[in-house]
Amino acid sequence: MKVMNCLFPSLLSAVVRTRRSIAPKYLGLFAFTAVCTASPAFGAERIYVTYGPLEVSVPIESLALFAASGKIDSNLDGFAQYAKKEQLDQIQRVLQARAEIRAVTIAQFLYTPQGEVLLERLGRVIQTKARQPGFYAIRAALILAAADPEGLTIVNVLRKFPTYGIRIDIDRGLGIAEGLTTLVNRSNRAIAGIAQLSETAASEPFVPSGEMLQPDLPGPYTWKKSSVTLTSPSRDRTFEIDIYLPNGSPRPAPVVVISHGLGSDRISFEYLAKHLASYGFAVAVPEHPGSNAQQIQDLVTGRARDVSEPAEFINRPLDIKDILDYLTDLTATNPAYRGQLDLQRVGVIGQSFGGYTALTLGGAGINFAQLDKDCQLENETWNISLLLQCRARGLERKEYNFTDGRVKAALAINPIVSSILGETNLSNIQIPVMIVAGTADTVAPALLEQIQPFTWLTSPNKYLVMMKNGTHFSTIDQSPQSVFLPPAAAIGPEPALARRYLSGLSVSFMESYLNGKSNFRPYLEPSYALTISRDTLGLRILRSLTAQQIQQFSSAPVRSPIAPPPIAPLSPLSPPSTPPIAPVR
């Protein structure tokens with residue numbers, strides 16, 4: 001469920017600036033902002049908006065009339081005159097929007113620990129007429145609206161609120177909104193600063209080492225795919241693995257393991273597995289039971305009570321270890337695999353929860369002290385991923401060391417690591433690391449989960465990749481097994497281009513650090529990223545960044561993140577040569 005998803009930045013900034021001197025005539029307009037900011041979560045006959053001793057009310061049916069026809073009746077006329085036409089148009093679109101979520105689906109989520117944290121936070125701002133927290137009323141209204149033929153719209157949720165009226169505490173709402181505004185501004189400054197650093201580092205033109213390569217395009221090898229069911233010898237856990245073995249490539253082949261994120265499956269990165277196999281890598285893609293698409297399906301149908309149990313923070317890295325042990329045994333006992341795999345040259349790629357998985361294998365353990373500190377603010381944070389990370393506090397308190405010496409490189413896409421691993425443990429990683437962040441990631445915000453953690457890494461070979469307008473879902477391919485298909489706005493622009501970026505980066509990174517091929521290193525440099533970057537989905541690479549630099553960015557004026565590069569436009573992902581040079585393998 002998307003929460004806090006339709007904030008009007010211009011209106012909100014005006015509200016925050018005038019917070020201490022709000023006149024009664026503005027309160028109705030601020031109610032619209034509060035309704036939208038808090039996501040569909042109110043209902044009744046009237047909305048009562050309070051700010052200190054002041055109170056005004058708006059009939060629900062006046063909002064319904066405005067949503068249906070754009071007509072502003074006498075109840076809204078006094079408020080609407082203070083809004084710009086484009087703001088009113090946007091409010092109307094938001095009121096009309098319908099979320100395609102079944103009642104059983106939303107009910108199951110709202111009864112999970114993560115759902116209840118969000119309800120508790122909303123309930124402080126959205127209250128009953130009698131000023132009681134709206135926790136239970138919000139949950140009931142959302143479920144009832146989703147079950148109604150009209151569906152999950154804001155107006156319908158308002159109507160389903162199970163008390164006569166709903167009270168919106170503007171003062172508390174503005175406090176929450178101000179926190180979001182602060183984070184957004186800090187993020188924009190950091191992203192803009194990183195873009196500038198990357199562009200400065202890319203001042204020298206891209207020059208390939210030898211002849212031009214095109215790592216984003218398929219390699220020269222064919223491959224064969226096989227699927228096996230692996231039962232862990234030490235755990236009561238059985239899971240599926242897809243293995244992609246290249247044909248005709250030099251042997252033994254290095255191994256790359258791809259770990260999917262929460263609610264995904266092994267099909268979600270099938271495109272990446274095939275791409276790596278075409279370059280001669282043996283690729284293993286596991287399905288992590290307990291945090292895959294089936295887990296979400298079980299949650300929806302009532303067979304599971306949580307989006308993911310705390311034990312998954314242990315099981316996921318152990319899944320990868322079991323795979324590597326299984327492949328080691330396979331090369332020793334199965335003639336078809338003898339001499340085929342090099343299990344001392346392993347790379348791990350993971351997205352989101354899989355990013356955490358990859359970095360634990362690279363040398364970072366669970367940081368309970370950091371979790372205890374950060375999770376005190378679980379009900380206040382805008383970092384949605386913290387709701388998942390804090391679940392690890394339910395684990396047995398002991399030292400978990402998942403480091404695997406066979407793993408020589410880790411690539412983490414949108415990883416969730418700020419608290420579960422923390423600065424102390426991330427600094428233990430000494431293998432080459434690449435972290436990929438999306439500037440529009442609302443699940444694992446780039447500043448909190450990728451940019452700041454990147455500064456904690458001490459590995460001499462580390463890369464921060466920024467995708468302008470990239471989201472948490474940009475690199476995930478659609479899978480027929482997925483329960484939810486994110487809307488286009490959540491996926492972001494040009495997901496095919498995002499996947500192509502990731503394919504090229506993955507090949508260049510693994511060729512450089514598993515195969516030691518120096519001719520792929522230039523394709524990991526800021527100048528190459530600037531060369532292939534497209535404005536709608538920009539690409540920047542940075543090799544170094546400090547906490548002090550982020551602090552400096554925070555005090556700089558806000559500008560648009562990752563401005564278009566000051567170079568002549570090039571066709572997407574085409575090397576800067578005319579005519580193009582055929583790829584050399």
# chains A, B, ... in the order shown; residues from 1 in each chain; ligands from 1
call {"tool": "residues_around", "arguments": {"residues": "stretch 441-450 of chain A", "least_positions_apart": "4", "cutoff": "10 Å", "atoms": "only C-alpha atoms", "output": "number ranges by chain"}}
result
A: 2-5, 183-184, 186-191, 352, 382-386, 412-419, 422, 435-437, 454-455, 464-474, 490-492, 550
call {"tool": "residues_around", "arguments": {"residues": "stretch 114-120 of chain A", "least_positions_apart": "6", "cutoff": "12 Å", "atoms": "only C-alpha atoms", "output": "count of residues only"}}
result
47
call {"tool": "atom_distance", "arguments": {"atom1": "atom CA of A:Ser264", "atom2": "atom CA of A:Asn292"}}
result
5.0 Å
call {"tool": "atom_distance", "arguments": {"atom1": "atom CA of A:Asn75", "atom2": "atom CA of A:Thr163"}}
result
20.9 Å
call {"tool": "residues_around", "arguments": {"residues": "A:Pro220", "least_positions_apart": "5", "cutoff": "12 Å", "atoms": "only C-alpha atoms", "output": "PyMOL selection string"}}
result
chain A and resi 214-215+246-250+274-281+583-585
call {"tool": "write_last_selection", "arguments": {"atoms": "N, CA and C atoms", "output": "PDB file, in the first residue's frame"}}
result
ATOM      1  N   GLN A 214      30.782  -3.092 -25.656  1.00  0.00           N
ATOM      2  CA  GLN A 214      29.399  -2.690 -25.399  1.00  0.00           C
ATOM      3  C   GLN A 214      28.792  -3.657 -24.377  1.00  0.00           C
ATOM      4  N   PRO A 215      29.129  -3.478 -23.096  1.00  0.00           N
ATOM      5  CA  PRO A 215      28.710  -4.451 -22.083  1.00  0.00           C
ATOM      6  C   PRO A 215      27.206  -4.488 -21.841  1.00  0.00           C
ATOM      7  N   PRO A 246      26.912 -21.221 -19.140  1.00  0.00           N
ATOM      8  CA  PRO A 246      27.272 -20.820 -20.508  1.00  0.00           C
ATOM      9  C   PRO A 246      27.901 -21.968 -21.280  1.00  0.00           C
ATOM     10  N   ASN A 247      27.683 -21.958 -22.584  1.00  0.00           N
ATOM     11  CA  ASN A 247      28.262 -22.963 -23.481  1.00  0.00           C
ATOM     12  C   ASN A 247      29.490 -22.388 -24.176  1.00  0.00           C
ATOM     13  N   GLY A 248      30.588 -23.140 -24.145  1.00  0.00           N
ATOM     14  CA  GLY A 248      31.759 -22.762 -24.926  1.00  0.00           C
ATOM     15  C   GLY A 248      32.631 -21.691 -24.324  1.00  0.00           C
ATOM     16  N   SER A 249      32.315 -21.219 -23.131  1.00  0.00           N
ATOM     17  CA  SER A 249      33.139 -20.182 -22.511  1.00  0.00           C
ATOM     18  C   SER A 249      34.344 -20.823 -21.837  1.00  0.00           C
ATOM     19  N   PRO A 250      35.375 -20.021 -21.543  1.00  0.00           N
ATOM     20  CA  PRO A 250      36.542 -20.580 -20.842  1.00  0.00           C
ATOM     21  C   PRO A 250      36.140 -21.201 -19.513  1.00  0.00           C
ATOM     22  N   LYS A 274      20.516 -14.121 -17.723  1.00  0.00           N
ATOM     23  CA  LYS A 274      20.807 -14.493 -19.113  1.00  0.00           C
ATOM     24  C   LYS A 274      21.918 -13.613 -19.688  1.00  0.00           C
ATOM     25  N   HIS A 275      21.877 -12.335 -19.326  1.00  0.00           N
ATOM     26  CA  HIS A 275      22.888 -11.416 -19.851  1.00  0.00           C
ATOM     27  C   HIS A 275      24.275 -11.784 -19.331  1.00  0.00           C
ATOM     28  N   LEU A 276      24.385 -12.059 -18.049  1.00  0.00           N
ATOM     29  CA  LEU A 276      25.677 -12.449 -17.480  1.00  0.00           C
ATOM     30  C   LEU A 276      26.152 -13.785 -18.038  1.00  0.00           C
ATOM     31  N   ALA A 277      25.220 -14.733 -18.222  1.00  0.00           N
ATOM     32  CA  ALA A 277      25.605 -16.034 -18.785  1.00  0.00           C
ATOM     33  C   ALA A 277      26.139 -15.882 -20.201  1.00  0.00           C
ATOM     34  N   SER A 278      25.630 -14.892 -20.937  1.00  0.00           N
ATOM     35  CA  SER A 278      26.105 -14.687 -22.311  1.00  0.00           C
ATOM     36  C   SER A 278      27.535 -14.163 -22.341  1.00  0.00           C
ATOM     37  N   TYR A 279      28.045 -13.723 -21.204  1.00  0.00           N
ATOM     38  CA  TYR A 279      29.442 -13.294 -21.100  1.00  0.00           C
ATOM     39  C   TYR A 279      30.324 -14.359 -20.452  1.00  0.00           C
ATOM     40  N   GLY A 280      29.787 -15.548 -20.229  1.00  0.00           N
ATOM     41  CA  GLY A 280      30.603 -16.633 -19.720  1.00  0.00           C
ATOM     42  C   GLY A 280      30.535 -16.855 -18.230  1.00  0.00           C
ATOM     43  N   PHE A 281      29.648 -16.157 -17.523  1.00  0.00           N
ATOM     44  CA  PHE A 281      29.474 -16.378 -16.092  1.00  0.00           C
ATOM     45  C   PHE A 281      28.441 -17.472 -15.851  1.00  0.00           C
ATOM     46  N   PRO A 583      31.460  -4.486 -31.355  1.00  0.00           N
ATOM     47  CA  PRO A 583      31.959  -4.929 -30.047  1.00  0.00           C
ATOM     48  C   PRO A 583      33.000  -6.022 -30.162  1.00  0.00           C
ATOM     49  N   VAL A 584      33.981  -5.951 -29.305  1.00  0.00           N
ATOM     50  CA  VAL A 584      35.036  -6.959 -29.258  1.00  0.00           C
ATOM     51  C   VAL A 584      34.816  -7.823 -28.036  1.00  0.00           C
ATOM     52  N   ARG A 585      34.806  -9.122 -28.182  1.00  0.00           N
ATOM     53  CA  ARG A 585      34.567 -10.033 -27.054  1.00  0.00           C
ATOM     54  C   ARG A 585      35.863 -10.685 -26.627  1.00  0.00           C
TER      55      ARG A 585
END
call {"tool": "closest_residue", "arguments": {"among": "A:Asp265, A:Glu199, A:Glu45, A:Asp372", "to": "A:Gly165", "atoms": "only C-alpha atoms"}}
result
A:Glu45
call {"tool": "select_by_dssp", "arguments": {"residues": "stretch 205-312 of chain A", "states": "strand (DSSP E or B)", "output": "JSON, numbers by chain"}}
result
{"A": [222, 223, 224, 225, 226, 227, 228, 229, 230, 231, 238, 239, 240, 241, 242, 243, 244, 245, 246, 247, 253, 254, 255, 256, 257, 258, 259, 264, 282, 283, 284, 285, 286, 292]}
call {"tool": "closest_atom_pairs", "arguments": {"of": "stretch 108-214 of chain A", "to": "stretch 297-303 of chain A", "cutoff": "12 Å", "atoms": "only C-alpha atoms", "output": "JSON lines"}}
result
{"residue": "A:Gln108", "atom": "CA", "partner": "A:Val300", "partner_atom": "CA", "distance": 5.7}
{"residue": "A:Phe109", "atom": "CA", "partner": "A:Leu299", "partner_atom": "CA", "distance": 7.5}
{"residue": "A:Leu110", "atom": "CA", "partner": "A:Val300", "partner_atom": "CA", "distance": 10.7}
{"residue": "A:Tyr111", "atom": "CA", "partner": "A:Leu299", "partner_atom": "CA", "distance": 10.0}
{"residue": "A:Thr112", "atom": "CA", "partner": "A:Leu299", "partner_atom": "CA", "distance": 9.0}
call {"tool": "write_last_selection", "arguments": {"atoms": "all heavy atoms", "output": "short mmCIF file (atom, residue, chain, number, x, y, z; two decimals), in the first residue's frame"}}
result
data_model
loop_
_atom_site.label_atom_id
_atom_site.label_comp_id
_atom_site.auth_asym_id
_atom_site.auth_seq_id
_atom_site.Cartn_x
_atom_site.Cartn_y
_atom_site.Cartn_z
N GLN A 108 -5.18 -7.75 5.19
CA GLN A 108 -4.06 -8.55 5.66
C GLN A 108 -2.83 -7.68 5.93
O GLN A 108 -2.13 -7.87 6.93
CB GLN A 108 -3.71 -9.63 4.63
CG GLN A 108 -4.74 -10.74 4.52
CD GLN A 108 -4.88 -11.51 5.82
OE1 GLN A 108 -5.80 -11.28 6.62
NE2 GLN A 108 -3.97 -12.43 6.06
N PHE A 109 -2.58 -6.70 5.05
CA PHE A 109 -1.43 -5.83 5.28
C PHE A 109 -1.62 -4.98 6.52
O PHE A 109 -0.69 -4.80 7.32
CB PHE A 109 -1.19 -4.92 4.08
CG PHE A 109 -0.12 -3.88 4.34
CD1 PHE A 109 1.22 -4.23 4.34
CD2 PHE A 109 -0.47 -2.57 4.62
CE1 PHE A 109 2.20 -3.29 4.63
CE2 PHE A 109 0.50 -1.62 4.90
CZ PHE A 109 1.84 -1.98 4.89
N LEU A 110 -2.82 -4.45 6.73
CA LEU A 110 -3.05 -3.53 7.85
C LEU A 110 -3.00 -4.23 9.20
O LEU A 110 -2.96 -3.57 10.24
CB LEU A 110 -4.39 -2.82 7.67
CG LEU A 110 -4.44 -1.83 6.50
CD1 LEU A 110 -5.84 -1.24 6.36
CD2 LEU A 110 -3.41 -0.72 6.66
N TYR A 111 -3.01 -5.56 9.20
CA TYR A 111 -2.88 -6.30 10.45
C TYR A 111 -1.46 -6.82 10.67
O TYR A 111 -1.20 -7.52 11.64
CB TYR A 111 -3.88 -7.46 10.50
CG TYR A 111 -5.27 -7.02 10.93
CD1 TYR A 111 -6.20 -6.63 9.99
CD2 TYR A 111 -5.62 -6.99 12.27
CE1 TYR A 111 -7.48 -6.21 10.37
CE2 TYR A 111 -6.89 -6.57 12.67
CZ TYR A 111 -7.81 -6.18 11.71
OH TYR A 111 -9.06 -5.76 12.10
N THR A 112 -0.54 -6.49 9.76
CA THR A 112 0.86 -6.84 9.98
C THR A 112 1.52 -5.79 10.88
O THR A 112 1.00 -4.68 11.04
CB THR A 112 1.63 -6.88 8.64
OG1 THR A 112 1.68 -5.56 8.08
CG2 THR A 112 0.98 -7.85 7.66
#
call {"tool": "residues_around", "arguments": {"residues": "A:Arg235", "least_positions_apart": "3", "cutoff": "10 Å", "atoms": "only C-alpha atoms", "output": "ChimeraX atom specification"}}
result
/A:231-232,238,315,318-319,322
call {"tool": "write_last_selection", "arguments": {"atoms": "N, CA, C and O atoms", "output": "PDB file, in the first residue's frame"}}
result
ATOM      1  N   THR A 231      17.451 -28.690  -0.682  1.00  0.00           N
ATOM      2  CA  THR A 231      17.075 -28.774   0.727  1.00  0.00           C
ATOM      3  C   THR A 231      18.313 -28.537   1.562  1.00  0.00           C
ATOM      4  O   THR A 231      19.316 -29.235   1.421  1.00  0.00           O
ATOM      5  N   SER A 232      18.237 -27.530   2.418  1.00  0.00           N
ATOM      6  CA  SER A 232      19.395 -27.188   3.229  1.00  0.00           C
ATOM      7  C   SER A 232      19.728 -28.332   4.169  1.00  0.00           C
ATOM      8  O   SER A 232      18.853 -28.842   4.874  1.00  0.00           O
ATOM      9  N   THR A 238      13.610 -25.644   2.159  1.00  0.00           N
ATOM     10  CA  THR A 238      13.729 -26.135   0.785  1.00  0.00           C
ATOM     11  C   THR A 238      13.400 -24.994  -0.163  1.00  0.00           C
ATOM     12  O   THR A 238      12.412 -24.278   0.041  1.00  0.00           O
ATOM     13  N   ASN A 315      18.105 -16.402   7.117  1.00  0.00           N
ATOM     14  CA  ASN A 315      17.938 -17.429   6.094  1.00  0.00           C
ATOM     15  C   ASN A 315      18.458 -17.007   4.727  1.00  0.00           C
ATOM     16  O   ASN A 315      19.023 -17.836   3.991  1.00  0.00           O
ATOM     17  N   LEU A 318      22.187 -17.416   4.373  1.00  0.00           N
ATOM     18  CA  LEU A 318      22.475 -18.844   4.469  1.00  0.00           C
ATOM     19  C   LEU A 318      22.013 -19.588   3.215  1.00  0.00           C
ATOM     20  O   LEU A 318      22.616 -20.602   2.833  1.00  0.00           O
ATOM     21  N   ASP A 319      20.955 -19.103   2.568  1.00  0.00           N
ATOM     22  CA  ASP A 319      20.550 -19.690   1.275  1.00  0.00           C
ATOM     23  C   ASP A 319      21.703 -19.619   0.287  1.00  0.00           C
ATOM     24  O   ASP A 319      21.996 -20.595  -0.434  1.00  0.00           O
ATOM     25  N   ASP A 322      24.441 -22.061   1.169  1.00  0.00           N
ATOM     26  CA  ASP A 322      24.056 -23.425   0.821  1.00  0.00           C
ATOM     27  C   ASP A 322      24.167 -23.667  -0.685  1.00  0.00           C
ATOM     28  O   ASP A 322      24.548 -24.762  -1.124  1.00  0.00           O
TER      29      ASP A 322
END
call {"tool": "atom_distance", "arguments": {"atom1": "atom CA of A:Glu100", "atom2": "atom CA of A:Ile296"}}
result
16.3 Å
call {"tool": "residues_around", "arguments": {"residues": "stretch 541-548 of chain A", "least_positions_apart": "5", "cutoff": "8 Å", "atoms": "only C-alpha atoms", "output": "PyMOL selection string"}}
result
chain A and resi 194+197-198+201+452+454-455+461-466+524-526+529
call {"tool": "write_last_selection", "arguments": {"atoms": "all heavy atoms", "output": "short mmCIF file (atom, residue, chain, number, x, y, z; two decimals), in the first residue's frame"}}
result
data_model
loop_
_atom_site.label_atom_id
_atom_site.label_comp_id
_atom_site.auth_asym_id
_atom_site.auth_seq_id
_atom_site.Cartn_x
_atom_site.Cartn_y
_atom_site.Cartn_z
N ILE A 194 26.16 15.17 -5.62
CA ILE A 194 26.80 13.97 -6.17
C ILE A 194 26.88 14.06 -7.69
O ILE A 194 27.89 13.69 -8.30
CB ILE A 194 26.02 12.72 -5.73
CG1 ILE A 194 26.23 12.48 -4.24
CG2 ILE A 194 26.46 11.49 -6.53
CD1 ILE A 194 25.31 11.45 -3.66
N LEU A 197 29.75 16.33 -8.51
CA LEU A 197 31.03 15.64 -8.32
C LEU A 197 31.31 14.65 -9.44
O LEU A 197 32.44 14.56 -9.94
CB LEU A 197 31.02 14.90 -6.98
CG LEU A 197 31.12 15.71 -5.70
CD1 LEU A 197 31.03 14.80 -4.48
CD2 LEU A 197 32.43 16.51 -5.66
N SER A 198 30.29 13.92 -9.84
CA SER A 198 30.45 12.94 -10.92
C SER A 198 30.79 13.63 -12.24
O SER A 198 31.65 13.17 -12.99
CB SER A 198 29.17 12.10 -11.06
OG SER A 198 29.28 11.19 -12.13
N ALA A 201 34.33 14.76 -12.14
CA ALA A 201 35.23 13.62 -12.34
C ALA A 201 35.22 13.15 -13.79
O ALA A 201 36.17 12.49 -14.23
CB ALA A 201 34.83 12.47 -11.42
N GLN A 452 24.39 7.75 2.17
CA GLN A 452 25.13 7.78 3.44
C GLN A 452 25.84 6.45 3.71
O GLN A 452 27.02 6.46 4.09
CB GLN A 452 24.19 8.13 4.59
CG GLN A 452 23.78 9.61 4.58
CD GLN A 452 22.84 9.98 5.71
OE1 GLN A 452 22.17 9.12 6.28
NE2 GLN A 452 22.79 11.26 6.04
N PHE A 454 27.11 4.46 1.61
CA PHE A 454 28.28 4.40 0.73
C PHE A 454 29.48 5.08 1.38
O PHE A 454 30.62 4.61 1.23
CB PHE A 454 27.95 5.07 -0.61
CG PHE A 454 29.10 5.10 -1.57
CD1 PHE A 454 29.46 3.98 -2.30
CD2 PHE A 454 29.85 6.26 -1.73
CE1 PHE A 454 30.54 4.01 -3.18
CE2 PHE A 454 30.92 6.30 -2.61
CZ PHE A 454 31.27 5.18 -3.34
N THR A 455 29.24 6.16 2.12
CA THR A 455 30.37 6.86 2.76
C THR A 455 30.97 6.03 3.88
O THR A 455 32.09 6.31 4.31
CB THR A 455 29.91 8.22 3.34
OG1 THR A 455 29.03 8.01 4.46
CG2 THR A 455 29.21 9.06 2.29
N ASN A 461 37.86 -0.38 -3.58
CA ASN A 461 37.15 -0.44 -4.87
C ASN A 461 35.65 -0.38 -4.61
O ASN A 461 35.00 -1.39 -4.35
CB ASN A 461 37.51 -1.72 -5.62
CG ASN A 461 38.97 -1.78 -6.00
OD1 ASN A 461 39.48 -0.92 -6.70
ND2 ASN A 461 39.67 -2.80 -5.51
N LYS A 462 35.13 0.85 -4.64
CA LYS A 462 33.69 1.01 -4.39
C LYS A 462 33.12 2.01 -5.39
O LYS A 462 33.82 2.94 -5.84
CB LYS A 462 33.44 1.48 -2.95
CG LYS A 462 34.04 2.83 -2.60
CD LYS A 462 33.67 3.22 -1.16
CE LYS A 462 34.17 4.62 -0.82
NZ LYS A 462 33.76 5.04 0.53
N TYR A 463 31.85 1.80 -5.72
CA TYR A 463 31.18 2.60 -6.75
C TYR A 463 29.78 2.94 -6.27
O TYR A 463 29.04 2.07 -5.79
CB TYR A 463 31.07 1.82 -8.06
CG TYR A 463 32.39 1.38 -8.65
CD1 TYR A 463 33.02 0.22 -8.19
CD2 TYR A 463 33.01 2.11 -9.65
CE1 TYR A 463 34.23 -0.20 -8.71
CE2 TYR A 463 34.23 1.70 -10.19
CZ TYR A 463 34.83 0.55 -9.72
OH TYR A 463 36.03 0.14 -10.24
N LEU A 464 29.41 4.22 -6.42
CA LEU A 464 28.04 4.65 -6.17
C LEU A 464 27.43 5.02 -7.51
O LEU A 464 27.92 5.91 -8.21
CB LEU A 464 28.01 5.85 -5.22
CG LEU A 464 26.62 6.45 -4.96
CD1 LEU A 464 25.71 5.45 -4.27
CD2 LEU A 464 26.73 7.73 -4.14
N VAL A 465 26.36 4.33 -7.87
CA VAL A 465 25.65 4.58 -9.13
C VAL A 465 24.32 5.25 -8.81
O VAL A 465 23.55 4.74 -8.00
CB VAL A 465 25.41 3.27 -9.90
CG1 VAL A 465 24.62 3.54 -11.18
CG2 VAL A 465 26.73 2.58 -10.22
N MET A 466 24.06 6.39 -9.42
CA MET A 466 22.80 7.11 -9.22
C MET A 466 22.00 7.11 -10.51
O MET A 466 22.51 7.47 -11.56
CB MET A 466 23.06 8.56 -8.80
CG MET A 466 23.78 8.71 -7.48
SD MET A 466 22.78 8.22 -6.05
CE MET A 466 21.41 9.34 -6.20
N LEU A 524 33.14 1.55 -15.89
CA LEU A 524 32.69 1.80 -14.53
C LEU A 524 33.06 3.22 -14.09
O LEU A 524 32.90 3.56 -12.91
CB LEU A 524 33.33 0.79 -13.56
CG LEU A 524 33.04 -0.68 -13.82
CD1 LEU A 524 33.86 -1.56 -12.88
CD2 LEU A 524 31.56 -0.98 -13.67
N GLU A 525 33.53 4.04 -15.01
CA GLU A 525 34.00 5.36 -14.68
C GLU A 525 32.91 6.43 -14.91
O GLU A 525 32.01 6.23 -15.73
CB GLU A 525 35.24 5.70 -15.50
CG GLU A 525 36.45 4.84 -15.18
CD GLU A 525 36.91 4.99 -13.74
OE1 GLU A 525 36.76 6.10 -13.16
OE2 GLU A 525 37.41 4.00 -13.17
N PRO A 526 33.00 7.56 -14.20
CA PRO A 526 32.01 8.62 -14.36
C PRO A 526 31.86 9.11 -15.80
O PRO A 526 30.76 9.47 -16.22
CB PRO A 526 32.55 9.74 -13.46
CG PRO A 526 33.36 9.03 -12.42
CD PRO A 526 33.97 7.86 -13.13
N ALA A 529 29.50 6.81 -17.75
CA ALA A 529 28.12 7.00 -17.32
C ALA A 529 27.54 8.27 -17.92
O ALA A 529 26.38 8.30 -18.38
CB ALA A 529 28.04 7.06 -15.80
#
call {"tool": "closest_residue", "arguments": {"among": "A:Ile258, A:Ala97, A:Val104, A:Ala392", "to": "A:Ile323", "atoms": "only C-alpha atoms"}}
result
A:Ile258
call {"tool": "closest_residue", "arguments": {"among": "A:Pro453, A:Gly405, A:Pro432, A:Phe313", "to": "A:Gly516", "atoms": "only C-alpha atoms"}}
result
A:Pro432
call {"tool": "residues_around", "arguments": {"residues": "A:Val348", "least_positions_apart": "3", "cutoff": "10 Å", "atoms": "only C-alpha atoms", "output": "list in words"}}
result
Val255, Val256, Val257, Ile258, Ser259, Val283, Ala284, Ile320, Gly354, Gly355, Thr357, Ala358, Leu359, Leu361, Gly362, Val407, Lys408, Ala409, Ala410, Leu411, Ala412, Val433 and Met510 of chain A
